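J.: Supplied in C-alpha cells, the structure appears directly below.
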Amino acid sequence: MTMSDQPLRIAGREFASRLLVGTGKYRDAAETAAALEASGTEVVTFAVRRTDLGQGNDEPPLLEVVPPSRYTLLPNTAGCFDARAAVRTCRLARELLDGHNLVKLEVLGDETTLYPNVVETLKAAEALIADGFDVMAYTSDDPIVAGELEALGCCAIMPLGSLIGSGCGIQNPHNIRLIIERASVPVLIDAGIGTASEAALAMELGCDAVLMNSAIAHARDPVAMARAMKAAVEAGRGAYLAGRMPRRDRAEPSSPVAGRIAG
C-alpha cells in the first residue's frame, strides 16, 4: 500500500511543487524567467541587498520577472555575516514587500566557505521570530543545531548538502536523516546540489523539498536543467513514498524458482 502525498506546508502556506529556486547568476532576466517557468517552482528566493525590486539598471525589475501574483517570494539574507545585519535585512524586505513576513535566514561564517555561522543564526532567528517573521533557517547539517532552531520557532530547517555553489551533492546523508527523523517542521536541502540525481537523493532521504540556484543557473542549458530538476524532485518524492526495497547481503532471484525446468 502506497502512502498518499500531501502538499508541502510551510508556515500555513501550501505548495504543490517541492522545488524552490533562486534568481541569481542567470545570464539575463529572460533566462531567469524561462528557468523558473520550466522548474515548476512556486517559491522563488532572492537576496534583498543585491536585488533591484523596482528601479535602476537596464534589466526589468525583479517583481516583473517574478510577479507576486504567481510566485511566493522568499527574500533571503545572503551576504550577512552577523545577526544584526540579517535582522535589518529582513525588516527592509518586509517594508519593500508591504508586510511580507516569510524569509530565508542565512548568516555566513566567512567569505571563503560561506559556511553558516550557527551562533549568529540562532540569535537572528530568535529576534526575527519575536518580531513576527516566519523564518526558514539555512544551517549546518548538525541535528542538535537543527533542533535548537525548531525549538525557537523556525517554520523550516534548511541544512546544507555541501558548500554553497559547490555542486558537490549531499556529503553527509546520515546527519540529514537524523535531522529529518527528529524534526516536526519541513526539512529542505539548501546548498550543494549539482545535478538531478542529487536532488532525487535528497527527496529519497525524506526531505520535504529542495532549494537550489547554482545547479540550474550554472548549467550549460539552465532551462533544460530546470526541467530535469523538476522531474528529479518529483521522482525522488515518489520513491520515498513508495518505500525502497530492503538492502540484502546476498542475491535473491526475481523470478520464481518453483516449477523451473531441470537441466
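Here's how to read the names in the C-alpha cells: chain A, B, ... by the order shown, residue numbers from 1 in each chain, ligand numbers from 1 in the order shown.
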Skip Asp134 of chain A itself and residues of its chain fewer than 2 positions away, then list as a list in words all residues within 10 Å of it, counting only C-alpha atoms.

T.: Ile10, Ala11, Gly12, His100, Asn101, Leu102, Val103, Lys104, Leu105, Ala125, Leu128, Ile129, Ala130, Asp131, Gly132, Met136, Ala137, Gly153, Cys154, Cys155 and Ala156 of chain A

J.: For those residues, write all heavy atoms to a file as a short mmCIF file (atom, residue, chain, number, x, y, z; two decimals), in the first residue's frame.

T.:
data_model
loop_
_atom_site.label_atom_id
_atom_site.label_comp_id
_atom_site.auth_asym_id
_atom_site.auth_seq_id
_atom_site.Cartn_x
_atom_site.Cartn_y
_atom_site.Cartn_z
N ILE A 10 4.36 25.13 4.59
CA ILE A 10 5.35 25.94 5.29
C ILE A 10 4.64 27.17 5.85
O ILE A 10 4.09 27.97 5.10
CB ILE A 10 6.50 26.39 4.36
CG1 ILE A 10 7.23 25.16 3.79
CG2 ILE A 10 7.48 27.30 5.12
CD1 ILE A 10 8.31 25.52 2.78
N ALA A 11 4.64 27.30 7.16
CA ALA A 11 4.06 28.46 7.84
C ALA A 11 2.64 28.75 7.36
O ALA A 11 2.27 29.90 7.07
CB ALA A 11 4.95 29.69 7.63
N GLY A 12 1.84 27.70 7.26
CA GLY A 12 0.44 27.86 6.89
C GLY A 12 0.18 28.01 5.41
O GLY A 12 -0.98 28.11 4.99
N HIS A 100 5.31 41.53 3.95
CA HIS A 100 5.64 40.12 3.72
C HIS A 100 6.56 39.62 4.84
O HIS A 100 7.58 40.22 5.13
CB HIS A 100 6.35 39.99 2.37
CG HIS A 100 6.67 38.60 1.97
ND1 HIS A 100 5.78 37.79 1.31
CD2 HIS A 100 7.79 37.85 2.13
CE1 HIS A 100 6.34 36.62 1.06
NE2 HIS A 100 7.56 36.63 1.56
N ASN A 101 6.21 38.49 5.46
CA ASN A 101 6.97 38.06 6.64
C ASN A 101 7.64 36.69 6.51
O ASN A 101 8.23 36.20 7.47
CB ASN A 101 6.07 38.06 7.88
CG ASN A 101 4.95 37.02 7.79
OD1 ASN A 101 4.70 36.47 6.72
ND2 ASN A 101 4.28 36.77 8.90
N LEU A 102 7.56 36.04 5.33
CA LEU A 102 8.25 34.77 5.13
C LEU A 102 9.65 35.06 4.60
O LEU A 102 9.80 35.68 3.54
CB LEU A 102 7.49 33.90 4.13
CG LEU A 102 8.11 32.51 3.84
CD1 LEU A 102 8.09 31.64 5.09
CD2 LEU A 102 7.39 31.83 2.69
N VAL A 103 10.68 34.62 5.33
CA VAL A 103 12.06 34.94 4.96
C VAL A 103 12.94 33.71 5.09
O VAL A 103 12.68 32.80 5.87
CB VAL A 103 12.64 36.07 5.83
CG1 VAL A 103 11.89 37.38 5.59
CG2 VAL A 103 12.61 35.69 7.31
N LYS A 104 14.01 33.72 4.31
CA LYS A 104 15.07 32.71 4.45
C LYS A 104 16.23 33.38 5.19
O LYS A 104 16.84 34.33 4.71
CB LYS A 104 15.52 32.22 3.09
CG LYS A 104 16.71 31.25 3.18
CD LYS A 104 17.33 30.99 1.83
CE LYS A 104 18.69 30.32 2.00
NZ LYS A 104 19.41 30.16 0.72
N LEU A 105 16.53 32.84 6.36
CA LEU A 105 17.61 33.38 7.19
C LEU A 105 18.90 32.66 6.82
O LEU A 105 18.99 31.43 6.87
CB LEU A 105 17.30 33.17 8.66
CG LEU A 105 18.40 33.53 9.66
CD1 LEU A 105 18.77 35.00 9.56
CD2 LEU A 105 17.97 33.15 11.07
N ALA A 125 17.51 34.25 14.40
CA ALA A 125 16.22 33.55 14.37
C ALA A 125 15.35 33.95 15.55
O ALA A 125 14.15 34.22 15.40
CB ALA A 125 16.45 32.04 14.35
N LEU A 128 14.05 37.54 14.99
CA LEU A 128 13.08 37.64 13.90
C LEU A 128 11.75 37.01 14.26
O LEU A 128 10.68 37.56 13.95
CB LEU A 128 13.65 36.97 12.64
CG LEU A 128 14.79 37.73 11.96
CD1 LEU A 128 15.46 36.84 10.91
CD2 LEU A 128 14.29 39.02 11.32
N ILE A 129 11.78 35.87 14.91
CA ILE A 129 10.53 35.21 15.31
C ILE A 129 9.78 36.07 16.32
O ILE A 129 8.56 36.20 16.25
CB ILE A 129 10.84 33.81 15.85
CG1 ILE A 129 11.31 32.91 14.70
CG2 ILE A 129 9.63 33.20 16.54
CD1 ILE A 129 12.01 31.65 15.12
N ALA A 130 10.52 36.68 17.24
CA ALA A 130 9.88 37.59 18.20
C ALA A 130 9.26 38.79 17.50
O ALA A 130 8.29 39.38 18.01
CB ALA A 130 10.92 38.06 19.23
N ASP A 131 9.78 39.14 16.32
CA ASP A 131 9.28 40.29 15.57
C ASP A 131 8.21 39.88 14.54
O ASP A 131 7.83 40.68 13.70
CB ASP A 131 10.46 40.97 14.84
CG ASP A 131 10.12 42.37 14.40
OD1 ASP A 131 9.16 42.97 14.92
OD2 ASP A 131 10.83 42.89 13.50
N GLY A 132 7.74 38.65 14.60
CA GLY A 132 6.63 38.24 13.77
C GLY A 132 6.96 37.65 12.42
O GLY A 132 6.08 37.45 11.59
N MET A 136 12.64 30.57 7.72
CA MET A 136 13.21 29.34 7.17
C MET A 136 14.72 29.49 7.31
O MET A 136 15.32 30.39 6.72
CB MET A 136 12.80 29.17 5.71
CG MET A 136 11.29 29.12 5.51
SD MET A 136 10.79 29.09 3.76
CE MET A 136 11.47 27.50 3.23
N ALA A 137 15.33 28.63 8.09
CA ALA A 137 16.72 28.85 8.51
C ALA A 137 17.71 27.95 7.79
O ALA A 137 17.63 26.72 7.90
CB ALA A 137 16.85 28.66 10.02
N GLY A 153 11.27 28.25 17.06
CA GLY A 153 10.05 28.56 16.31
C GLY A 153 10.24 28.70 14.82
O GLY A 153 9.32 29.17 14.13
N CYS A 154 11.39 28.29 14.28
CA CYS A 154 11.58 28.36 12.83
C CYS A 154 10.55 27.46 12.14
O CYS A 154 10.25 26.36 12.61
CB CYS A 154 12.99 27.91 12.44
SG CYS A 154 14.27 29.09 12.93
N CYS A 155 10.03 27.93 11.01
CA CYS A 155 8.98 27.19 10.31
C CYS A 155 9.54 26.17 9.34
O CYS A 155 8.79 25.34 8.81
CB CYS A 155 8.04 28.16 9.59
SG CYS A 155 8.82 29.12 8.28
N ALA A 156 10.84 26.19 9.07
CA ALA A 156 11.51 25.19 8.24
C ALA A 156 12.99 25.20 8.56
O ALA A 156 13.56 26.26 8.85
CB ALA A 156 11.28 25.47 6.75
#

J.: List the spatial neighbours of Leu163 of chain A as number ranges by chain - criterion: any atom at most 12 Å away, only C-alpha atoms, same-chain residues fewer than 2 positions off excluded.

T.: A: 108-116, 138-141, 159-161, 165-172, 189-194, 212, 214

J.: Tell me which protein, DNA and RNA residues are within 12 Å of Gln6 of chain A, counting only C-alpha atoms, leaving out same-chain ones fewer than 2 positions away, and put them as a list in words.

T.: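 Once the nearby chain positions are removed, what remains is Met3, Ser4, Leu8, Arg9, Glu14, Phe15, Ala16, Ser17, Arg18, Asp208, Arg237, Gly238 and Leu241 of chain A.
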
J.: Which neighbours of segment 177-182 of chain A fall inside 9 Å, counting only C-alpha atoms, when residues of the same chain fewer than 6 positions from it are skipped, and could you give them as a count of residues only?

T.: 12

J.: May I have the residues within 10 Å of Leu92 of chain A as a list of chain:residue names, using only C-alpha atoms and disregarding those fewer than 4 positions away in the same chain?

T.: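 The contact residues come out as A:Val48, A:Arg49, A:Pro75, A:Ala86, A:Val87, A:Arg88, A:Leu96, A:Leu97, A:Gly99.
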
J.: Excluding Leu19 of chain A and residues on its chain fewer than 2 positions from it, collect all residues at most 12 Å away from it, counting only C-alpha atoms, and give them as a VMD selection string.

T.: chain A and resid 8 15 to 17 21 to 22 36 to 45 188 to 190 193 196 199 to 200 202 to 203 207 to 213 216 226 to 237

J.: Of the candidates A:Val66, A:Leu20, A:Ala127, A:Leu201, which shows the shortest atom-to-atom distance to Thr32 of chain A, using only C-alpha atoms?

T.: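 Smallest separation from Thr32 of chain A among the options: A:Val66.
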
J.: Measure the distance from atom CA of Glu148 of chain A to atom CA of Thr72 of chain A in Å and round it to one decimal.

T.: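 Answer for the atom CA of Glu148 of chain A to atom CA of Thr72 of chain A separation: 26.5 Å.
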
J.: Considering only alpha helix (DSSP H) as DSSP defines it on the backbone, what residues of segment 129-192 of chain A qualify? List them as a list in words.

T.: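 Taking segment 129-192 of chain A and keeping alpha helix (DSSP H) gives Ile129, Ala130, Pro143, Ile144, Val145, Ala146, Gly147, Glu148, Leu149, Glu150, Ala151, Leu152, Pro173, His174, Asn175, Ile176, Arg177, Leu178, Ile179, Ile180, Glu181 and Arg182 of chain A.
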
J.: May I ask which of the residues A:Ala215, A:Ala93, A:Met225, A:Cys80 is the closest one to Phe133 of chain A, counting only C-alpha atoms?

T.: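 Among the listed residues, the smallest separation from Phe133 of chain A belongs to A:Ala93.
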
J.: I'd like the interatomic distance between atom CA of Val118 of chain A and atom CA of Ser162 of chain A, to a tenth of an Å.

T.: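 Atom CA of Val118 of chain A sits 15.4 Å away from atom CA of Ser162 of chain A.
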
J.: Which of these, A:Leu62, A:Val145, A:Glu95, A:Pro7, has the shortest distance to Ala29 of chain A once you count only C-alpha atoms?

T.: A:Leu62
